[in-house]
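Comments concern the structure below.
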Amino acid sequence: MNQNQVNQRGVITVVRAVDALADEIVKMNIKEVFGIPGGQIMPLFDAFYGKDAKIFLFRHEQGAIHAADAYGRVTKRPGVVMVTSGPGATNLATGLANAMMDSSPLVALTGQVPTSVFGRDAFQETDIVGLSMPIVKHTFMVKKPEDLIPAFKAAYRIATDGRPGPVLVDIPRDVQLSEVKGNGSGGINVNYKGVPEPDIGLVAYAVKLLMEAKRPVMLVGGGVCWSNSTEEALAIAEALWMPIVTTLPGKNCIPNNHPLFMGPAGMHGRVEADAALINSDLVLAVGTRFSDRTVGDFKEFQRGRRIIHIDIDKSEIGKNVKPSVGIIGDAKATLRMMLELIPKAAVKNEAFVNWLKSIKEAYEKFREQDDMPGFAPWKVLKVVREVTPPYAITATSVGSHQMWSELHWDVYVPGTFITSAGLGTMGFGLPAALGAKVAKPNVPVIDIDGDGSFQMTMQNLALVREYNLPIIVVIFDNSTLMLVRHWQMLLYSRRIIGVDFQANPDFIKIAEAYGIDGVRPSNYDELRSSVSRAIRNNEPLVVDVTIDRERDLVLPWVQPGKWLAEVTLPDGFKVNLRYGDGNE
Amino acid sequence: MNNYKISITLLNDGSVDPLVRALNVIRRGKVNVKSIIMSSNQNHVNVEVYVEGIEDEVNWVCNKLNKLYDIVNVSYTTSISIPKVQSLQVGERNG
């Protein structure tokens with residue numbers, strides 16, 4: 001049996017593998033696809049002609065894959081990106097690694113040269129399967145047309161199987177154009193992993209340790225978002241009145257205005273979050289891989305405190321930190337089991353939480369009074385947040401603006417903060433914002449960016465008018481690569497080299513060139529009114545906020561590899577981070 | 001530092017991709033590879049990797065291998081001795 005069709009004139013038309021795939025993709029309710037065409041992927045693009053799916057044409061493949069990544073984070077369904085072979089495929093590498101590090105589901109479809117010229121260094125031939133293997137969950141090289149749909153379906157399933165991530169499907173052009181024979185079921189053989197049930201014995205032991213703890217702290221990672229377990233995490237924290245600190249992705253999983261939320265801990269974390277971890281006698285870590293950015297010094301982190309680690313990925317248990325109890329399972333299921341075992345009248349250490357809150361209040365007060373010439377980054381974020389609806393989606397790139405956002409951008413609705421955490425990919429913000437806007441067209445989307453990051457992918461601004469994706473871009477313009485400069489100042493004896501931009505382009509004119517309003521506010525009122533107007537009118541906007549690079553040091557800051565207690569605080573802000581020194 | 005044998009069973013899809021994926025994991029592990037023995041049948045590829053290292057790192061390698069989608073089984077045991085395998089004589093011919 002083949003899948004050929006008879007058209008209205010009674011002529012038998014050959015169903016190419018790509019036609020069947022495009023039909024299947026639409027049938028799977030995948031209505032938005034990101035990409036750029038080229039010679040070896042033209043058949044697949046052609047197959048989408050007239051189909052009920054929209055192709056978003058990016059201006060660089062890196063932009064397309066970051067958009068697919070963000071689309072996956074917002075919808076929790078894999079974003080799909082399709083590009084050609086050679087440079088088209090290699091331009092995906094950063095995006096694949098980024099999605100892998102941040103556990104973001106996506107499927108990348110790459111065109112490949114025909115099988116007849118494999119290994120002959122044909123024009124635009126690159127072994128993208130070999131190249132991408134270490135930075136994706138899985139790869140498929142489709143060599144038979146009847147394997148194409150099964151490979152795509154398997155890729156789509158793998159992308160969200162257990163811990164989410166990217167999957168790549170490489171499709172030679174001759175396979176794309178070949179007729180599908182048989183029933184198209186193919187011979188794809190995959191050993192799916194699924195989600196293990198949490199071990200009830202370990203869960204009970206974890207609860208026992210929790211009950212024994214005097215100052216337990218919950219460390220929330222990005223896994224809490226993926227398992228949709230915000231409610232369960234909050235319920236446990238409230239039952240024990242346990243402070244919650246987060247990783248950078250974990251900031252996205254807890255409403256930042258919750259009374260137990262102490263913010264992200266670590267290198268660019270909040271002081272009250274660092275203080276919580278420093279003084280904890282037990283850490284309940286949920287859906288986190290214990291990044292060095294969060295923990296700093298692994299040995300110190302493990303000294304004198306018990307650790308309960310819950311993660312869906314077995315390979316994370318004991319990888320960086322040896323826990324007292326390691327539970328493999330979905331965070332939601334595990335936390336629910338724990339909740340049932342926690343006594344209703346559990347002892348609550350209110351004094352510890354109150355002490356942490358006093359640190360928070362002191363820091364906030366310090367920042368309110370602290371000022372710098374021009375714009376202060378923390379005040380810019382406060383003003384933009386005030387005029388942005390709580391449900392708005394925020395994306396960031398990577399740099400000082402991202403770290404300021406980690407410290408000072410309040411996430412009210414879980415799942416609305418998208419950032420490149422693990423890989424730290426500059427240029428992520430703008431295309432990610434576009435991908436988020438495609439996923440949720442009726443929700444305001446803001447890209448908080450830096451001038452260095454913005455210039456890495458700004459050509460994708462073209463999509464704003466082309467597809468009516470009115471996002472707001474706020475550029476923290478300090479004319480330097482600020483985080484590198486920061487390290488040069490503090491770790492390399494102020495030997496500033498290769499970071500300052502002497503001739504940045506005029507970002508207002510860049511915006512205008514793409515048909516977008518641009519504004520360079522001279523004070524906070526202008527900033528407030530311009531962003532507010534753009535949101536109200538659902539109009540795109542580029543805001544160029546000038547920031548003095550000599551004073552844009554993101555503090556508090558913990559040096560790489562150092563313990564959180566060795567935090568460098570901003571000049572003029574003093575706090576005792578030891579609980580029990582009579583300061584509670 | 002001890003010697004360990006990591007035993008891996010992979011799905012055989014007719015290509016070396018499953019094997020390369022597994023080797024990609026092993027090359028990121030903090031172990032010294034002493035010897036690799038591989039055999040295959042129609043359905044599976046069996047690989048024995050003899051490594052030297054600390055158990056934590058061997059465990060890391062096995063856990064990461066276990067995540068791969070063409071892995072059927074992974075286990076490790078303390079290896080008593082690393083097998084000596086006679087290499088084939090390779091001759092050069094020009095047709």
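Going by the structure tokens order, chains are called A, B, ..., each with residues numbered from 1, while ligands are numbered from 1 in the order shown.
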
Next on the checklist: Residues of chain B were defined as contacting chain A if any atom lay at most 6 Å from it, counting only C-alpha atoms; please report them as a PyMOL selection string.
Outcome noted: chain B and resi 63-64+69-70

Keeping N, CA, C and O atoms for every residue in the selection just given, could you write it to a file as a PDB file, in the first residue's frame?
ATOM      1  N   ASN B  63      25.095   6.684  34.867  1.00  0.00           N
ATOM      2  CA  ASN B  63      23.823   7.426  34.941  1.00  0.00           C
ATOM      3  C   ASN B  63      23.568   8.220  33.673  1.00  0.00           C
ATOM      4  O   ASN B  63      22.437   8.317  33.196  1.00  0.00           O
ATOM      5  N   LYS B  64      24.621   8.831  33.154  1.00  0.00           N
ATOM      6  CA  LYS B  64      24.455   9.609  31.910  1.00  0.00           C
ATOM      7  C   LYS B  64      24.164   8.674  30.734  1.00  0.00           C
ATOM      8  O   LYS B  64      23.348   8.981  29.868  1.00  0.00           O
ATOM      9  N   TYR B  69      18.605   7.281  24.554  1.00  0.00           N
ATOM     10  CA  TYR B  69      17.377   6.620  24.091  1.00  0.00           C
ATOM     11  C   TYR B  69      17.632   5.334  23.312  1.00  0.00           C
ATOM     12  O   TYR B  69      16.692   4.671  22.906  1.00  0.00           O
ATOM     13  N   ASP B  70      18.909   5.016  23.083  1.00  0.00           N
ATOM     14  CA  ASP B  70      19.158   3.715  22.467  1.00  0.00           C
ATOM     15  C   ASP B  70      19.898   2.781  23.411  1.00  0.00           C
ATOM     16  O   ASP B  70      20.456   1.777  22.994  1.00  0.00           O
TER      17      ASP B  70
END

Item to check | Close residues, Pro37 (chain A) itself excluded, 12 Å, only C-alpha atoms, min 5 positions apart in chain, as a PyMOL selection string | outcome: chain A and resi 42-46+48+55-61+64+81-89+109-111

Output file for the selection above: N, CA, C and O atoms, as a compact mmCIF listing (two decimals), in the first residue's frame:
# COMPACT_ATOMS: atom_id res chain seq x y z
N MET A 42 14.42 22.64 1.11
CA MET A 42 13.36 23.21 0.27
C MET A 42 12.17 22.27 0.08
O MET A 42 11.02 22.72 0.11
N PRO A 43 12.40 20.96 -0.07
CA PRO A 43 11.22 20.09 -0.21
C PRO A 43 10.28 20.18 0.98
O PRO A 43 9.06 20.23 0.80
N LEU A 44 10.84 20.25 2.19
CA LEU A 44 9.96 20.31 3.37
C LEU A 44 9.21 21.65 3.42
O LEU A 44 8.02 21.69 3.72
N PHE A 45 9.91 22.73 3.11
CA PHE A 45 9.22 24.03 3.05
C PHE A 45 8.11 23.96 1.98
O PHE A 45 7.00 24.41 2.20
N ASP A 46 8.45 23.37 0.85
CA ASP A 46 7.47 23.26 -0.24
C ASP A 46 6.24 22.48 0.20
O ASP A 46 5.11 22.81 -0.17
N PHE A 48 4.86 22.50 2.96
CA PHE A 48 3.99 23.31 3.81
C PHE A 48 3.17 24.31 3.00
O PHE A 48 2.32 25.01 3.56
N ILE A 55 4.79 29.60 8.86
CA ILE A 55 6.24 29.56 8.99
C ILE A 55 6.75 30.96 9.31
O ILE A 55 6.46 31.92 8.59
N PHE A 56 7.47 31.08 10.40
CA PHE A 56 8.04 32.37 10.80
C PHE A 56 9.49 32.42 10.30
O PHE A 56 10.34 31.67 10.79
N LEU A 57 9.70 33.29 9.32
CA LEU A 57 10.99 33.38 8.66
C LEU A 57 11.93 34.30 9.44
O LEU A 57 11.74 35.52 9.45
N PHE A 58 12.90 33.70 10.10
CA PHE A 58 13.85 34.49 10.88
C PHE A 58 14.98 34.99 9.99
O PHE A 58 15.07 34.63 8.83
N ARG A 59 15.83 35.84 10.57
CA ARG A 59 16.91 36.43 9.77
C ARG A 59 18.25 35.76 10.08
O ARG A 59 19.27 36.09 9.51
N HIS A 60 18.22 34.86 11.01
CA HIS A 60 19.39 34.04 11.31
C HIS A 60 18.86 32.79 12.04
O HIS A 60 17.94 32.88 12.85
N GLU A 61 19.47 31.65 11.75
CA GLU A 61 18.97 30.40 12.33
C GLU A 61 19.04 30.40 13.86
O GLU A 61 18.22 29.77 14.53
N ALA A 64 15.91 31.75 15.08
CA ALA A 64 14.79 30.82 14.90
C ALA A 64 14.75 29.77 16.01
O ALA A 64 13.69 29.45 16.57
N VAL A 81 11.70 23.90 14.70
CA VAL A 81 12.51 24.78 13.87
C VAL A 81 13.03 23.97 12.69
O VAL A 81 13.38 22.80 12.85
N MET A 82 13.00 24.57 11.48
CA MET A 82 13.54 23.84 10.34
C MET A 82 14.47 24.72 9.52
O MET A 82 14.16 25.86 9.21
N VAL A 83 15.62 24.15 9.21
CA VAL A 83 16.67 24.89 8.51
C VAL A 83 17.36 23.98 7.51
O VAL A 83 17.17 22.77 7.53
N THR A 84 18.20 24.59 6.70
CA THR A 84 18.90 23.81 5.69
C THR A 84 20.18 23.19 6.25
O THR A 84 20.51 23.36 7.43
N SER A 85 20.89 22.48 5.39
CA SER A 85 22.11 21.79 5.81
C SER A 85 23.26 22.78 5.99
O SER A 85 23.09 23.99 5.81
N GLY A 86 24.42 22.27 6.31
CA GLY A 86 25.64 23.09 6.38
C GLY A 86 25.49 24.25 7.34
O GLY A 86 25.21 24.03 8.53
N PRO A 87 25.68 25.49 6.86
CA PRO A 87 25.64 26.63 7.79
C PRO A 87 24.29 26.80 8.47
O PRO A 87 24.23 27.25 9.62
N GLY A 88 23.23 26.45 7.78
CA GLY A 88 21.91 26.55 8.42
C GLY A 88 21.86 25.66 9.64
O GLY A 88 21.40 26.06 10.71
N ALA A 89 22.36 24.44 9.49
CA ALA A 89 22.34 23.49 10.60
C ALA A 89 23.34 23.88 11.68
O ALA A 89 23.02 23.85 12.87
N LEU A 109 14.51 20.29 12.69
CA LEU A 109 14.52 19.53 11.44
C LEU A 109 15.56 20.15 10.52
O LEU A 109 15.44 21.32 10.17
N THR A 110 16.57 19.38 10.19
CA THR A 110 17.63 19.93 9.34
C THR A 110 17.64 19.20 8.00
O THR A 110 17.53 17.97 7.94
N GLY A 111 17.79 19.98 6.92
CA GLY A 111 17.97 19.38 5.61
C GLY A 111 19.38 18.82 5.53
O GLY A 111 20.28 19.29 6.24

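Of note, CA of Ile254 (chain A) and CA of Ile393 (chain A) are spaced 14.5 Å apart.
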
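With only C-alpha atoms taken into account, the protein and nucleic acid residues at most 6 Å from Asn46 (chain B) (excluding it and anything under 6 positions from it in its own chain) are B:Ile8, B:Thr9, B:Met38, B:Ser39, B:Ser40.
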
Selected residues written out with N, CA and C atoms, as a PDB file, in the first residue's frame:
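This is the output file out.pdb:
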ATOM      1  N   ILE B   8      27.553  -2.263  28.558  1.00  0.00           N
ATOM      2  CA  ILE B   8      26.497  -1.479  27.905  1.00  0.00           C
ATOM      3  C   ILE B   8      25.818  -2.316  26.839  1.00  0.00           C
ATOM      4  N   THR B   9      24.509  -2.301  26.824  1.00  0.00           N
ATOM      5  CA  THR B   9      23.766  -2.917  25.723  1.00  0.00           C
ATOM      6  C   THR B   9      23.005  -1.816  24.995  1.00  0.00           C
ATOM      7  N   MET B  38      33.811  -4.709  21.803  1.00  0.00           N
ATOM      8  CA  MET B  38      32.466  -4.539  21.264  1.00  0.00           C
ATOM      9  C   MET B  38      32.072  -5.737  20.412  1.00  0.00           C
ATOM     10  N   SER B  39      30.820  -6.118  20.550  1.00  0.00           N
ATOM     11  CA  SER B  39      30.298  -7.150  19.651  1.00  0.00           C
ATOM     12  C   SER B  39      28.854  -6.800  19.356  1.00  0.00           C
ATOM     13  N   SER B  40      28.309  -7.383  18.302  1.00  0.00           N
ATOM     14  CA  SER B  40      26.918  -7.045  17.983  1.00  0.00           C
ATOM     15  C   SER B  40      26.190  -8.206  17.362  1.00  0.00           C
TER      16      SER B  40
END

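Near Gly79 (chain A), within 6 Å and counting only C-alpha atoms, sit Ala68, Tyr71, Gly72 and Leu106 of chain A; same-chain residues fewer than 4 positions away were not included.
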
Checklist entry - Where does DSSP see strand (DSSP E or B) in region 153-234 of chain A, if you list the residues as an NGL selection string? => result :A and (166-172 or 179 or 181 or 216-220)

Hey, can you spit out that residue selection with all heavy atoms as a short mmCIF file (atom, residue, chain, number, x, y, z; two decimals), in the first residue's frame?
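That gives us again_35.cif:
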data_model
loop_
_atom_site.label_atom_id
_atom_site.label_comp_id
_atom_site.auth_asym_id
_atom_site.auth_seq_id
_atom_site.Cartn_x
_atom_site.Cartn_y
_atom_site.Cartn_z
N PRO A 166 16.10 19.26 23.67
CA PRO A 166 16.02 19.32 22.21
C PRO A 166 16.32 17.98 21.54
O PRO A 166 17.10 17.19 22.05
CB PRO A 166 17.11 20.34 21.87
CG PRO A 166 18.14 20.17 22.96
CD PRO A 166 17.39 19.76 24.20
N VAL A 167 15.71 17.76 20.39
CA VAL A 167 15.97 16.57 19.58
C VAL A 167 16.16 17.04 18.14
O VAL A 167 15.47 17.94 17.68
CB VAL A 167 14.79 15.57 19.65
CG1 VAL A 167 15.12 14.30 18.89
CG2 VAL A 167 14.46 15.23 21.10
N LEU A 168 17.10 16.43 17.45
CA LEU A 168 17.38 16.83 16.07
C LEU A 168 17.06 15.69 15.10
O LEU A 168 17.39 14.54 15.36
CB LEU A 168 18.85 17.25 15.92
CG LEU A 168 19.27 17.76 14.56
CD1 LEU A 168 20.13 19.03 14.68
CD2 LEU A 168 20.05 16.71 13.76
N VAL A 169 16.40 16.06 14.01
CA VAL A 169 16.09 15.07 12.95
C VAL A 169 16.72 15.58 11.65
O VAL A 169 16.36 16.65 11.16
CB VAL A 169 14.56 14.91 12.76
CG1 VAL A 169 14.27 13.82 11.73
CG2 VAL A 169 13.86 14.62 14.09
N ASP A 170 17.67 14.82 11.13
CA ASP A 170 18.38 15.22 9.92
C ASP A 170 17.78 14.45 8.74
O ASP A 170 17.65 13.22 8.78
CB ASP A 170 19.87 14.88 10.08
CG ASP A 170 20.74 15.65 9.12
OD1 ASP A 170 20.37 16.77 8.72
OD2 ASP A 170 21.83 15.12 8.77
N ILE A 171 17.42 15.18 7.67
CA ILE A 171 16.67 14.55 6.58
C ILE A 171 17.34 14.84 5.23
O ILE A 171 17.27 15.96 4.72
CB ILE A 171 15.21 15.07 6.53
CG1 ILE A 171 14.65 15.32 7.94
CG2 ILE A 171 14.33 14.10 5.75
CD1 ILE A 171 13.36 16.13 7.94
N PRO A 172 18.00 13.84 4.66
CA PRO A 172 18.60 14.04 3.33
C PRO A 172 17.55 14.42 2.29
O PRO A 172 16.40 13.98 2.39
CB PRO A 172 19.22 12.66 3.01
CG PRO A 172 19.37 12.00 4.35
CD PRO A 172 18.24 12.50 5.19
N GLU A 179 9.01 8.80 -2.51
CA GLU A 179 7.65 8.34 -2.24
C GLU A 179 7.66 7.45 -1.00
O GLU A 179 8.56 6.64 -0.81
CB GLU A 179 7.16 7.55 -3.46
CG GLU A 179 5.76 7.03 -3.35
CD GLU A 179 5.42 6.11 -4.53
OE1 GLU A 179 6.22 6.05 -5.48
OE2 GLU A 179 4.37 5.48 -4.47
N LYS A 181 6.58 4.37 0.84
CA LYS A 181 6.01 3.06 0.52
C LYS A 181 5.53 2.39 1.80
O LYS A 181 6.00 2.71 2.88
CB LYS A 181 7.07 2.20 -0.17
CG LYS A 181 7.52 2.78 -1.52
CD LYS A 181 8.03 1.68 -2.43
CE LYS A 181 8.24 2.23 -3.84
NZ LYS A 181 9.56 2.81 -4.02
N PRO A 216 14.94 24.65 58.05
CA PRO A 216 14.91 24.09 56.69
C PRO A 216 14.68 25.20 55.66
O PRO A 216 14.00 26.19 55.95
CB PRO A 216 13.71 23.14 56.74
CG PRO A 216 12.81 23.71 57.78
CD PRO A 216 13.70 24.37 58.80
N VAL A 217 15.26 25.02 54.49
CA VAL A 217 15.10 25.98 53.38
C VAL A 217 14.78 25.19 52.13
O VAL A 217 15.38 24.14 51.88
CB VAL A 217 16.38 26.82 53.18
CG1 VAL A 217 16.30 27.66 51.92
CG2 VAL A 217 16.65 27.70 54.40
N MET A 218 13.84 25.70 51.34
CA MET A 218 13.53 25.04 50.08
C MET A 218 14.29 25.73 48.95
O MET A 218 14.27 26.95 48.84
CB MET A 218 12.02 25.10 49.79
CG MET A 218 11.62 24.30 48.55
SD MET A 218 9.87 24.46 48.14
CE MET A 218 9.13 23.50 49.44
N LEU A 219 14.99 24.93 48.15
CA LEU A 219 15.69 25.46 46.97
C LEU A 219 14.93 24.99 45.73
O LEU A 219 14.89 23.81 45.43
CB LEU A 219 17.14 24.97 46.94
CG LEU A 219 17.94 25.27 45.67
CD1 LEU A 219 18.09 26.78 45.44
CD2 LEU A 219 19.34 24.64 45.73
N VAL A 220 14.32 25.95 45.05
CA VAL A 220 13.46 25.62 43.90
C VAL A 220 14.23 25.84 42.60
O VAL A 220 14.80 26.91 42.37
CB VAL A 220 12.19 26.49 43.93
CG1 VAL A 220 11.46 26.43 42.60
CG2 VAL A 220 11.27 26.04 45.06
#

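The closest residue to Val58 (chain B), picked from B:Ile37, B:Ile80, B:Val31, B:Val25 and counting only C-alpha atoms, is B:Val31.
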
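Within the 12 Å cut-off around Arg27 (chain B), using only C-alpha atoms and omitting residues fewer than 6 positions from it on the same chain, the listed residues are Pro134 of chain A; Val20, Arg21, Val33, Val49, Val51, Glu57, Val58, Trp60, Val61, Lys64 and Leu65 of chain B.
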
Let me see the file: selected residues, N, CA, C and O atoms, as an mmCIF file, in the first residue's frame.
data_model
loop_
_atom_site.group_PDB
_atom_site.id
_atom_site.type_symbol
_atom_site.label_atom_id
_atom_site.label_comp_id
_atom_site.auth_asym_id
_atom_site.auth_seq_id
_atom_site.Cartn_x
_atom_site.Cartn_y
_atom_site.Cartn_z
ATOM 1 N N PRO A 134 26.374 15.525 21.374
ATOM 2 C CA PRO A 134 26.568 15.792 22.818
ATOM 3 C C PRO A 134 25.680 16.909 23.372
ATOM 4 O O PRO A 134 25.658 17.123 24.575
ATOM 5 N N VAL B 20 28.388 5.830 19.049
ATOM 6 C CA VAL B 20 29.059 7.139 19.136
ATOM 7 C C VAL B 20 28.437 7.979 20.250
ATOM 8 O O VAL B 20 29.138 8.663 20.991
ATOM 9 N N ARG B 21 27.122 7.898 20.364
ATOM 10 C CA ARG B 21 26.440 8.630 21.445
ATOM 11 C C ARG B 21 26.967 8.174 22.809
ATOM 12 O O ARG B 21 27.250 8.980 23.691
ATOM 13 N N VAL B 33 40.105 5.411 30.106
ATOM 14 C CA VAL B 33 39.642 4.227 29.380
ATOM 15 C C VAL B 33 40.847 3.344 29.058
ATOM 16 O O VAL B 33 41.812 3.787 28.436
ATOM 17 N N VAL B 49 33.445 -1.638 28.503
ATOM 18 C CA VAL B 49 34.460 -0.587 28.605
ATOM 19 C C VAL B 49 35.196 -0.775 29.918
ATOM 20 O O VAL B 49 34.575 -0.753 30.990
ATOM 21 N N VAL B 51 37.620 0.700 32.571
ATOM 22 C CA VAL B 51 38.087 2.040 32.928
ATOM 23 C C VAL B 51 38.792 2.010 34.278
ATOM 24 O O VAL B 51 38.603 1.096 35.088
ATOM 25 N N GLU B 57 32.713 8.627 39.787
ATOM 26 C CA GLU B 57 32.798 9.043 38.379
ATOM 27 C C GLU B 57 32.270 7.940 37.455
ATOM 28 O O GLU B 57 31.650 8.222 36.430
ATOM 29 N N VAL B 58 32.533 6.698 37.834
ATOM 30 C CA VAL B 58 32.000 5.578 37.038
ATOM 31 C C VAL B 58 30.477 5.601 37.106
ATOM 32 O O VAL B 58 29.783 5.405 36.107
ATOM 33 N N TRP B 60 28.689 8.254 37.590
ATOM 34 C CA TRP B 60 28.258 9.393 36.762
ATOM 35 C C TRP B 60 28.133 8.957 35.302
ATOM 36 O O TRP B 60 27.137 9.247 34.635
ATOM 37 N N VAL B 61 29.162 8.258 34.827
ATOM 38 C CA VAL B 61 29.144 7.801 33.421
ATOM 39 C C VAL B 61 27.930 6.900 33.175
ATOM 40 O O VAL B 61 27.195 7.064 32.190
ATOM 41 N N LYS B 64 24.621 8.831 33.154
ATOM 42 C CA LYS B 64 24.455 9.609 31.910
ATOM 43 C C LYS B 64 24.164 8.674 30.734
ATOM 44 O O LYS B 64 23.348 8.981 29.868
ATOM 45 N N LEU B 65 24.823 7.530 30.712
ATOM 46 C CA LEU B 65 24.564 6.562 29.632
ATOM 47 C C LEU B 65 23.107 6.105 29.675
ATOM 48 O O LEU B 65 22.450 5.953 28.639
#

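Of the listed residues (B:Cys62, B:Ile82, B:Leu68, B:Ile6), B:Leu68 comes nearest to Pro18 (chain B); the distances count only C-alpha atoms.
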
Next on the checklist: Which residues are close to region 439-442 of chain A, i.e. within 10 Å by only C-alpha atoms, leaving aside same-chain residues fewer than 6 positions away? Reply as a list in words.
Outcome noted: Glu32, Ala67, Ala68, Ala70, Tyr71, Gly72, Arg73, Val74, Thr75, Gly79, Ala392, Ile393, Ala433, Asn468, Leu469, Pro470, Ile471 and Asn538 of chain A

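Take the candidates B:Asn59, B:His44, B:Gly53, B:Pro83 and check each one against Asp13 (chain B) using only C-alpha atoms; the shortest distance goes to B:His44.
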
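Interatomic distance, CA of Glu52 (chain B) against CA of Gly296 (chain A): 28.8 Å.
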
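In this structure, CA of Glu526 (chain A) sits 28.7 Å away from CA of Arg270 (chain A).
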
Item to check | All alpha helix (DSSP H) residues (DSSP, backbone) inside region 285-375 of chain A, as a PyMOL selection string | outcome: chain A and resi 292-295+298-302+331-341+350-369

Identify, on the basis of only C-alpha atoms, every residue whose closest approach to Glu340 (chain A) does not exceed 12 Å; exclude the query and any residue fewer than 6 positions from it along the same chain; express the result as an mmCIF file with all heavy atoms, in the first residue's frame.
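As a result, result_0.cif now contains:
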data_model
loop_
_atom_site.group_PDB
_atom_site.id
_atom_site.type_symbol
_atom_site.label_atom_id
_atom_site.label_comp_id
_atom_site.auth_asym_id
_atom_site.auth_seq_id
_atom_site.Cartn_x
_atom_site.Cartn_y
_atom_site.Cartn_z
ATOM 1 N N ILE A 200 8.347 5.632 48.036
ATOM 2 C CA ILE A 200 7.608 6.102 49.215
ATOM 3 C C ILE A 200 8.470 6.030 50.486
ATOM 4 O O ILE A 200 8.372 6.882 51.374
ATOM 5 C CB ILE A 200 6.266 5.329 49.395
ATOM 6 C CG1 ILE A 200 5.472 5.848 50.589
ATOM 7 C CG2 ILE A 200 6.485 3.846 49.490
ATOM 8 C CD1 ILE A 200 4.942 7.234 50.450
ATOM 9 N N VAL A 203 10.656 9.007 50.459
ATOM 10 C CA VAL A 203 9.840 10.203 50.712
ATOM 11 C C VAL A 203 9.549 10.320 52.207
ATOM 12 O O VAL A 203 9.666 11.402 52.796
ATOM 13 C CB VAL A 203 8.527 10.159 49.891
ATOM 14 C CG1 VAL A 203 7.599 11.302 50.298
ATOM 15 C CG2 VAL A 203 8.821 10.221 48.399
ATOM 16 N N ALA A 204 9.199 9.197 52.823
ATOM 17 C CA ALA A 204 8.902 9.203 54.264
ATOM 18 C C ALA A 204 10.143 9.601 55.058
ATOM 19 O O ALA A 204 10.060 10.377 56.015
ATOM 20 C CB ALA A 204 8.405 7.820 54.699
ATOM 21 N N VAL A 207 10.689 13.301 54.799
ATOM 22 C CA VAL A 207 9.775 14.053 55.674
ATOM 23 C C VAL A 207 10.263 13.998 57.118
ATOM 24 O O VAL A 207 10.223 15.003 57.833
ATOM 25 C CB VAL A 207 8.332 13.509 55.546
ATOM 26 C CG1 VAL A 207 7.428 14.117 56.608
ATOM 27 C CG2 VAL A 207 7.788 13.813 54.151
ATOM 28 N N GLU A 232 2.215 22.834 45.001
ATOM 29 C CA GLU A 232 2.677 21.851 45.987
ATOM 30 C C GLU A 232 3.899 22.392 46.748
ATOM 31 O O GLU A 232 4.003 22.212 47.962
ATOM 32 C CB GLU A 232 3.026 20.524 45.305
ATOM 33 C CG GLU A 232 1.843 19.710 44.813
ATOM 34 C CD GLU A 232 1.207 20.236 43.538
ATOM 35 O OE1 GLU A 232 1.785 21.163 42.918
ATOM 36 O OE2 GLU A 232 0.130 19.740 43.149
ATOM 37 N N ALA A 235 2.683 24.870 49.209
ATOM 38 C CA ALA A 235 1.947 24.227 50.305
ATOM 39 C C ALA A 235 2.905 23.656 51.344
ATOM 40 O O ALA A 235 2.685 23.789 52.555
ATOM 41 C CB ALA A 235 1.035 23.131 49.751
ATOM 42 N N ILE A 236 3.975 23.029 50.891
ATOM 43 C CA ILE A 236 4.961 22.472 51.830
ATOM 44 C C ILE A 236 5.672 23.594 52.572
ATOM 45 O O ILE A 236 5.849 23.547 53.795
ATOM 46 C CB ILE A 236 5.971 21.569 51.089
ATOM 47 C CG1 ILE A 236 5.269 20.274 50.677
ATOM 48 C CG2 ILE A 236 7.203 21.276 51.951
ATOM 49 C CD1 ILE A 236 6.153 19.258 50.019
ATOM 50 N N ALA A 239 3.352 24.999 55.131
ATOM 51 C CA ALA A 239 3.103 24.074 56.251
ATOM 52 C C ALA A 239 4.225 24.149 57.285
ATOM 53 O O ALA A 239 4.000 24.019 58.476
ATOM 54 C CB ALA A 239 2.957 22.651 55.719
ATOM 55 N N ALA A 333 4.491 14.908 41.812
ATOM 56 C CA ALA A 333 4.086 13.659 42.473
ATOM 57 C C ALA A 333 4.810 13.497 43.799
ATOM 58 O O ALA A 333 4.206 13.105 44.813
ATOM 59 C CB ALA A 333 4.393 12.472 41.555
ATOM 60 N N THR A 334 6.103 13.826 43.808
ATOM 61 C CA THR A 334 6.896 13.643 45.028
ATOM 62 C C THR A 334 6.440 14.612 46.126
ATOM 63 O O THR A 334 6.267 14.215 47.283
ATOM 64 C CB THR A 334 8.393 13.864 44.721
ATOM 65 O OG1 THR A 334 8.732 13.114 43.567
ATOM 66 C CG2 THR A 334 9.255 13.431 45.886
#

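Counting only C-alpha atoms, the residue from A:Phe476, A:Phe573, A:Trp241, A:Phe507 that sits nearest to Phe375 (chain A) is A:Phe476.
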